[in-house]
Amino acid sequence: MERSSSASSETAVPNVIPSGWAGTFHSLSYRNYRLLWVTSLMVSGGVWLQQVSLGWLAYQMTESPLQVGSILGVRSAPLILAPFTGVLVDRFDRRIMLIVAQVLVTILVFSFSLLLYLGIEQVWHLYVFALVFGLIWAVNNPVRQTLVANSVPREALMNATALSAVAFNSMRTIGPSIGGLLIVLVGPALNFFIQGVLFLGVILILIPYRAEYGTSNSSANRETSVLRNLIEGFKYVLGHRPTLLVVLMSFVVTITLLGAVFNMLPVFVPEVLGSQRSDDLGLLMTALGAGGVVGTIIMARFSQFRHKGIQSLVSFAGAAISVIILSQVSAFWAAAAILALYQVFAQGVLTTNMTMVQSMTPDHLRGRVVGVYQMEIGLMPIGGVVAGAIATHWGVGTAFLIGGIVGLIVVTLIAAFSPSIRRLQM
């Protein structure tokens, strides 16, 4: 059972967060959040090494945009099951769940690294690895996001969510570039081995971690059935209009923008930019990481800005326009600059939406509601496969153009006809 500190509960006197840039990294003053943040940094480093390596392997082995989108999509698809893992998050010790998931994923990446070292990999191995990784991640990701809210007081939640995204994106600035360079020098196997080492370190750091803010009574949730727990989570989302609208907005962002950009970059580099170099792919992903760091630091700096609904809508529109512009360029450095700008806006909408969902959800339902929200990552394969199919017939530029236009139309309709989103403040 996770312990709950009455002195630091959500009903305690709010802590004063320094204003301006002095408060940008305020959440790191909490010991347990600091431990969780360091593990997020290490996990991100491993994931971004994997992203560039798996995408490069998929394209080199198949030379098929559709297969690249499918393999990377298979890795994300299991997160469609996040509501089920969210039930477990609300029924069991969240810290122990995170450690167990981390142990399993560490074994997986070490095993895949060995397979690559032996030189016996086949295309179906990529699908199996991506699927198993995704299944484990369907547990890891919701519990990690839920623990963010259990590591800081409520008034620091936006800042903590943004800083967690900073950890994720900061490693994107160097992980893909290092991964691309290592592929050129020694091949992709070492990247997966390094990922395993990072994940092993995460396990050790999580041992002293404890959740202490607003922790739920998991034993009470276990007194009812898993099915009832699951239904309670969906009922809350469907019955709470602001949460429902935020969740649906994130679904659209993922399908129209994220799925296309992340799954089609390994195709965009050779077919539009005319480069066969894996380190060029790494550099573009580094540009995404740099934009993500800037975007999330901005979110952390202005975490006390109350008009979160407007913040999310503006960020969504900016991301869609960026993808439309990306569809029209063929120069490497122009593409890198636009991808960085895109990620500033994308992190704005995703960080804001996660904060709104966490803030509007009582802790005993937090795992399940975060699980429903994180179904959006599981929808990424839909965007990837659709973009891959369009790219196969009409080119990856057309795939980006269509995704950006659809996203822009949707956010315009939401802004025009859903005033409750525009009025959201917290």
# chains A, B, ... in the order shown; residues from 1 in each chain; ligands from 1
>>> closest_atom_pairs(of="segment 216-257 of chain A", to="segment 316-332 of chain A", cutoff="10 Å", atoms="only C-alpha atoms", output="tab-separated table")
residue	atom	partner	partner_atom	distance
A:Met249	CA	A:Phe316	CA	8.8
A:Ser250	CA	A:Phe316	CA	9.1
A:Val252	CA	A:Phe316	CA	9.7
A:Val253	CA	A:Phe316	CA	7.2
A:Thr256	CA	A:Ala320	CA	8.5
A:Leu257	CA	A:Ala320	CA	6.9
>>> residues_around(residues="Met299 of chain A", least_positions_apart="6", cutoff="10 Å", atoms="only C-alpha atoms", output="PyMOL selection string")
chain A and resi 24+158-159+161-163+165-166+293+305+311+344+347-349+351-352
>>> write_last_selection(atoms="C-alpha atoms", output="CSV table (one decimal), in the first residue's frame")
chain,number,residue,atom,x,y,z
A,24,THR,CA,10.3,27.2,-13.4
A,158,MET,CA,1.3,21.8,-14.0
A,159,ASN,CA,4.9,22.6,-13.3
A,161,THR,CA,3.9,17.7,-15.7
A,162,ALA,CA,5.8,20.2,-17.8
A,163,LEU,CA,9.2,19.3,-16.2
A,165,ALA,CA,8.0,16.5,-20.5
A,166,VAL,CA,11.3,18.5,-20.3
A,293,VAL,CA,12.5,21.2,-24.5
A,305,PHE,CA,-1.3,30.8,-16.4
A,311,GLN,CA,-3.5,27.6,-24.2
A,344,VAL,CA,7.1,23.6,-29.3
A,347,GLN,CA,4.3,19.8,-26.3
A,348,GLY,CA,2.2,22.8,-25.4
A,349,VAL,CA,-1.1,21.0,-26.2
A,351,THR,CA,1.4,19.1,-21.5
A,352,THR,CA,-1.6,21.4,-21.0
>>> atom_distance(atom1="atom CA of Trp56 of chain A", atom2="atom CA of Asn140 of chain A")
24.7 Å
>>> select_by_dssp(residues="segment 120-351 of chain A", states="helix (DSSP H, G or I)", output="ChimeraX atom specification")
/A:123-149,154-172,175-186,189-206,218-222,226-239,241-271,278-301,308-326,332-351
>>> closest_residue(among="A:Pro142, A:Val396, A:Pro153, A:Val38", to="Asp90 of chain A", atoms="only C-alpha atoms")
A:Pro142
>>> atom_distance(atom1="atom CA of Leu147 of chain A", atom2="atom CA of Pro78 of chain A")
20.4 Å
>>> residues_around(residues="Trp37 of chain A", least_positions_apart="5", cutoff="12 Å", atoms="only C-alpha atoms", output="ChimeraX atom specification")
/A:25,27-32,42-44,144-145,147-148,151-152,160-168,170,202,205-206,209
>>> write_last_selection(atoms="N, CA and C atoms", output="tab-separated table (two decimals), in the first residue's frame")
chain	number	residue	atom	x	y	z
A	25	PHE	N	11.62	25.61	-12.14
A	25	PHE	CA	12.02	24.26	-11.76
A	25	PHE	C	11.62	23.93	-10.32
A	27	SER	N	9.25	22.19	-8.95
A	27	SER	CA	8.87	20.82	-8.58
A	27	SER	C	10.06	19.94	-8.22
A	28	LEU	N	11.23	20.28	-8.74
A	28	LEU	CA	12.42	19.48	-8.43
A	28	LEU	C	12.87	19.65	-6.99
A	29	SER	N	12.25	20.55	-6.24
A	29	SER	CA	12.58	20.70	-4.82
A	29	SER	C	11.97	19.57	-3.99
A	30	TYR	N	11.05	18.80	-4.57
A	30	TYR	CA	10.44	17.67	-3.87
A	30	TYR	C	11.26	16.40	-4.14
A	31	ARG	N	11.77	15.78	-3.10
A	31	ARG	CA	12.71	14.67	-3.24
A	31	ARG	C	12.16	13.55	-4.11
A	32	ASN	N	10.95	13.09	-3.86
A	32	ASN	CA	10.43	11.94	-4.59
A	32	ASN	C	10.15	12.29	-6.05
A	42	MET	N	16.28	9.08	-17.88
A	42	MET	CA	16.97	7.88	-18.34
A	42	MET	C	16.09	7.05	-19.27
A	43	VAL	N	14.82	6.92	-18.93
A	43	VAL	CA	13.89	6.19	-19.79
A	43	VAL	C	13.79	6.87	-21.15
A	44	SER	N	13.71	8.20	-21.15
A	44	SER	CA	13.62	8.94	-22.40
A	44	SER	C	14.85	8.70	-23.27
A	144	ARG	N	3.50	5.79	-14.57
A	144	ARG	CA	4.48	6.86	-14.41
A	144	ARG	C	3.78	8.23	-14.41
A	145	GLN	N	2.85	8.43	-15.32
A	145	GLN	CA	2.13	9.71	-15.37
A	145	GLN	C	1.30	9.93	-14.10
A	147	LEU	N	1.97	8.76	-11.13
A	147	LEU	CA	2.87	9.02	-10.01
A	147	LEU	C	3.37	10.46	-9.99
A	148	VAL	N	3.35	11.14	-11.14
A	148	VAL	CA	3.72	12.55	-11.14
A	148	VAL	C	2.81	13.32	-10.18
A	151	SER	N	3.60	12.84	-6.51
A	151	SER	CA	4.93	13.24	-6.07
A	151	SER	C	5.04	14.71	-5.71
A	152	VAL	N	4.00	15.49	-6.04
A	152	VAL	CA	4.00	16.93	-5.75
A	152	VAL	C	2.62	17.33	-5.27
A	160	ALA	N	5.13	20.30	-12.55
A	160	ALA	CA	5.71	18.95	-12.55
A	160	ALA	C	5.45	18.22	-13.86
A	161	THR	N	4.25	18.38	-14.41
A	161	THR	CA	3.93	17.74	-15.69
A	161	THR	C	4.81	18.30	-16.80
A	162	ALA	N	5.00	19.61	-16.79
A	162	ALA	CA	5.85	20.23	-17.81
A	162	ALA	C	7.30	19.79	-17.66
A	163	LEU	N	7.81	19.72	-16.42
A	163	LEU	CA	9.19	19.30	-16.23
A	163	LEU	C	9.40	17.83	-16.59
A	164	SER	N	8.37	17.01	-16.40
A	164	SER	CA	8.47	15.61	-16.85
A	164	SER	C	8.61	15.56	-18.37
A	165	ALA	N	7.88	16.44	-19.04
A	165	ALA	CA	8.01	16.52	-20.49
A	165	ALA	C	9.37	17.08	-20.89
A	166	VAL	N	9.93	17.98	-20.08
A	166	VAL	CA	11.28	18.48	-20.33
A	166	VAL	C	12.28	17.32	-20.30
A	167	ALA	N	12.14	16.44	-19.30
A	167	ALA	CA	13.03	15.27	-19.21
A	167	ALA	C	12.92	14.41	-20.46
A	168	PHE	N	11.69	14.19	-20.90
A	168	PHE	CA	11.46	13.36	-22.07
A	168	PHE	C	12.06	13.99	-23.32
A	170	SER	N	14.37	16.56	-23.51
A	170	SER	CA	15.78	16.93	-23.47
A	170	SER	C	16.65	15.80	-23.99
A	202	VAL	N	17.35	2.75	-13.99
A	202	VAL	CA	16.03	3.23	-13.55
A	202	VAL	C	15.51	2.37	-12.40
A	205	ILE	N	17.17	3.32	-9.11
A	205	ILE	CA	16.76	4.63	-8.58
A	205	ILE	C	15.35	4.59	-8.01
A	206	LEU	N	14.50	3.73	-8.55
A	206	LEU	CA	13.11	3.66	-8.08
A	206	LEU	C	12.97	2.99	-6.71
A	209	TYR	N	12.25	5.48	-3.99
A	209	TYR	CA	11.14	6.39	-4.30
A	209	TYR	C	9.88	6.02	-3.51
>>> closest_residue(among="A:Thr243, A:Gln358, A:Asn141, A:Ser225", to="Leu424 of chain A", atoms="only C-alpha atoms")
A:Thr243
>>> atom_distance(atom1="atom CA of Asn353 of chain A", atom2="atom CA of Tyr373 of chain A")
9.2 Å
>>> closest_residue(among="A:Asn169, A:Gln343, A:Gln51, A:Asn229", to="Val89 of chain A", atoms="only C-alpha atoms")
A:Asn229
>>> closest_atom_pairs(of="segment 92-133 of chain A", to="segment 189-192 of chain A", cutoff="6 Å", atoms="only C-alpha atoms", output="tab-separated table")
residue	atom	partner	partner_atom	distance
A:Val109	CA	A:Phe192	CA	5.8
A:Ser113	CA	A:Ala189	CA	4.9
A:Leu116	CA	A:Ala189	CA	5.2
A:Tyr117	CA	A:Ala189	CA	5.7
>>> residues_around(residues="Phe133 of chain A", least_positions_apart="4", cutoff="8 Å", atoms="only C-alpha atoms", output="list in words")
Arg75, Val105, Leu108, Phe129 and Trp137 of chain A
>>> write_last_selection(atoms="C-alpha atoms", output="mmCIF file, in the first residue's frame")
data_model
loop_
_atom_site.group_PDB
_atom_site.id
_atom_site.type_symbol
_atom_site.label_atom_id
_atom_site.label_comp_id
_atom_site.auth_asym_id
_atom_site.auth_seq_id
_atom_site.Cartn_x
_atom_site.Cartn_y
_atom_site.Cartn_z
ATOM 1 C CA ARG A 75 4.810 -0.394 -30.691
ATOM 2 C CA VAL A 105 11.260 -4.046 -20.455
ATOM 3 C CA LEU A 108 13.328 -7.353 -23.489
ATOM 4 C CA PHE A 129 9.779 -6.659 -30.350
ATOM 5 C CA TRP A 137 4.744 0.311 -22.008
#
>>> closest_residue(among="A:Gly395, A:Gly175, A:Pro381, A:Pro208", to="Leu41 of chain A", atoms="only C-alpha atoms")
A:Gly175
>>> residues_around(residues="Ala391 of chain A", least_positions_apart="3", cutoff="12 Å", atoms="only C-alpha atoms", output="VMD selection string")
chain A and resid 64 to 69 260 to 261 263 to 268 271 to 272 327 383 to 388 394 to 403
>>> write_last_selection(atoms="N, CA and C atoms", output="mmCIF file, in the first residue's frame")
data_model
loop_
_atom_site.group_PDB
_atom_site.id
_atom_site.type_symbol
_atom_site.label_atom_id
_atom_site.label_comp_id
_atom_site.auth_asym_id
_atom_site.auth_seq_id
_atom_site.Cartn_x
_atom_site.Cartn_y
_atom_site.Cartn_z
ATOM 1 N N SER A 64 9.759 0.016 -47.270
ATOM 2 C CA SER A 64 8.323 0.214 -47.448
ATOM 3 C C SER A 64 7.814 1.232 -46.434
ATOM 4 N N PRO A 65 7.290 2.382 -46.883
ATOM 5 C CA PRO A 65 6.712 3.343 -45.935
ATOM 6 C C PRO A 65 5.592 2.744 -45.095
ATOM 7 N N LEU A 66 4.778 1.883 -45.716
ATOM 8 C CA LEU A 66 3.672 1.277 -44.993
ATOM 9 C C LEU A 66 4.183 0.366 -43.889
ATOM 10 N N GLN A 67 5.248 -0.406 -44.168
ATOM 11 C CA GLN A 67 5.789 -1.296 -43.136
ATOM 12 C C GLN A 67 6.466 -0.513 -42.023
ATOM 13 N N VAL A 68 7.145 0.576 -42.364
ATOM 14 C CA VAL A 68 7.748 1.403 -41.321
ATOM 15 C C VAL A 68 6.665 1.949 -40.393
ATOM 16 N N GLY A 69 5.605 2.497 -40.996
ATOM 17 C CA GLY A 69 4.495 2.996 -40.198
ATOM 18 C C GLY A 69 3.841 1.913 -39.372
ATOM 19 N N ALA A 260 1.400 10.900 -37.954
ATOM 20 C CA ALA A 260 2.020 11.133 -39.261
ATOM 21 C C ALA A 260 3.485 11.515 -39.119
ATOM 22 N N VAL A 261 3.793 12.477 -38.258
ATOM 23 C CA VAL A 261 5.160 12.985 -38.149
ATOM 24 C C VAL A 261 6.114 11.913 -37.628
ATOM 25 N N ASN A 263 5.867 8.594 -37.317
ATOM 26 C CA ASN A 263 5.985 7.341 -38.066
ATOM 27 C C ASN A 263 6.546 7.531 -39.467
ATOM 28 N N MET A 264 6.422 8.727 -40.026
ATOM 29 C CA MET A 264 6.865 8.939 -41.400
ATOM 30 C C MET A 264 8.222 9.623 -41.529
ATOM 31 N N LEU A 265 8.837 10.051 -40.433
ATOM 32 C CA LEU A 265 10.159 10.669 -40.544
ATOM 33 C C LEU A 265 11.203 9.746 -41.180
ATOM 34 N N PRO A 266 11.221 8.429 -40.842
ATOM 35 C CA PRO A 266 12.194 7.555 -41.513
ATOM 36 C C PRO A 266 11.985 7.467 -43.024
ATOM 37 N N VAL A 267 10.782 7.805 -43.489
ATOM 38 C CA VAL A 267 10.493 7.823 -44.928
ATOM 39 C C VAL A 267 10.774 9.209 -45.501
ATOM 40 N N PHE A 268 10.457 10.254 -44.744
ATOM 41 C CA PHE A 268 10.643 11.632 -45.171
ATOM 42 C C PHE A 268 12.109 11.928 -45.510
ATOM 43 N N GLU A 271 13.096 9.992 -48.959
ATOM 44 C CA GLU A 271 12.238 10.227 -50.120
ATOM 45 C C GLU A 271 12.011 11.711 -50.424
ATOM 46 N N VAL A 272 12.077 12.560 -49.413
ATOM 47 C CA VAL A 272 11.883 13.994 -49.646
ATOM 48 C C VAL A 272 13.202 14.748 -49.546
ATOM 49 N N SER A 327 5.080 20.065 -45.011
ATOM 50 C CA SER A 327 4.740 19.307 -46.215
ATOM 51 C C SER A 327 5.237 19.976 -47.493
ATOM 52 N N GLY A 383 -2.915 6.911 -37.196
ATOM 53 C CA GLY A 383 -2.324 8.006 -37.946
ATOM 54 C C GLY A 383 -1.138 7.558 -38.771
ATOM 55 N N GLY A 384 -0.318 6.653 -38.197
ATOM 56 C CA GLY A 384 0.859 6.169 -38.916
ATOM 57 C C GLY A 384 0.512 5.349 -40.139
ATOM 58 N N VAL A 385 -0.441 4.443 -39.979
ATOM 59 C CA VAL A 385 -0.823 3.587 -41.104
ATOM 60 C C VAL A 385 -1.523 4.395 -42.191
ATOM 61 N N VAL A 386 -2.409 5.319 -41.794
ATOM 62 C CA VAL A 386 -3.087 6.166 -42.783
ATOM 63 C C VAL A 386 -2.060 7.015 -43.525
ATOM 64 N N ALA A 387 -1.139 7.626 -42.766
ATOM 65 C CA ALA A 387 -0.096 8.437 -43.401
ATOM 66 C C ALA A 387 0.791 7.580 -44.292
ATOM 67 N N GLY A 388 1.088 6.352 -43.848
ATOM 68 C CA GLY A 388 1.902 5.452 -44.659
ATOM 69 C C GLY A 388 1.217 5.073 -45.958
ATOM 70 N N TRP A 394 0.876 8.773 -52.867
ATOM 71 C CA TRP A 394 0.998 10.177 -53.292
ATOM 72 C C TRP A 394 2.202 10.902 -52.698
ATOM 73 N N GLY A 395 2.977 10.223 -51.874
ATOM 74 C CA GLY A 395 4.163 10.845 -51.304
ATOM 75 C C GLY A 395 3.958 11.295 -49.873
ATOM 76 N N VAL A 396 5.063 11.330 -49.108
ATOM 77 C CA VAL A 396 4.977 11.661 -47.690
ATOM 78 C C VAL A 396 4.604 13.128 -47.478
ATOM 79 N N GLY A 397 4.959 14.012 -48.422
ATOM 80 C CA GLY A 397 4.562 15.409 -48.309
ATOM 81 C C GLY A 397 3.052 15.571 -48.312
ATOM 82 N N THR A 398 2.383 14.806 -49.161
ATOM 83 C CA THR A 398 0.922 14.844 -49.210
ATOM 84 C C THR A 398 0.320 14.312 -47.912
ATOM 85 N N ALA A 399 0.953 13.293 -47.345
ATOM 86 C CA ALA A 399 0.475 12.737 -46.068
ATOM 87 C C ALA A 399 0.538 13.795 -44.966
ATOM 88 N N PHE A 400 1.641 14.544 -44.917
ATOM 89 C CA PHE A 400 1.766 15.624 -43.929
ATOM 90 C C PHE A 400 0.733 16.722 -44.184
ATOM 91 N N LEU A 401 0.542 17.077 -45.443
ATOM 92 C CA LEU A 401 -0.396 18.146 -45.796
ATOM 93 C C LEU A 401 -1.812 17.799 -45.354
ATOM 94 N N ILE A 402 -2.248 16.589 -45.658
ATOM 95 C CA ILE A 402 -3.608 16.177 -45.295
ATOM 96 C C ILE A 402 -3.771 16.143 -43.781
ATOM 97 N N GLY A 403 -2.786 15.575 -43.072
ATOM 98 C CA GLY A 403 -2.867 15.517 -41.616
ATOM 99 C C GLY A 403 -2.961 16.898 -40.997
#
>>> closest_residue(among="A:Leu339, A:Met375, A:Leu81, A:Leu135", to="Phe251 of chain A", atoms="only C-alpha atoms")
A:Met375
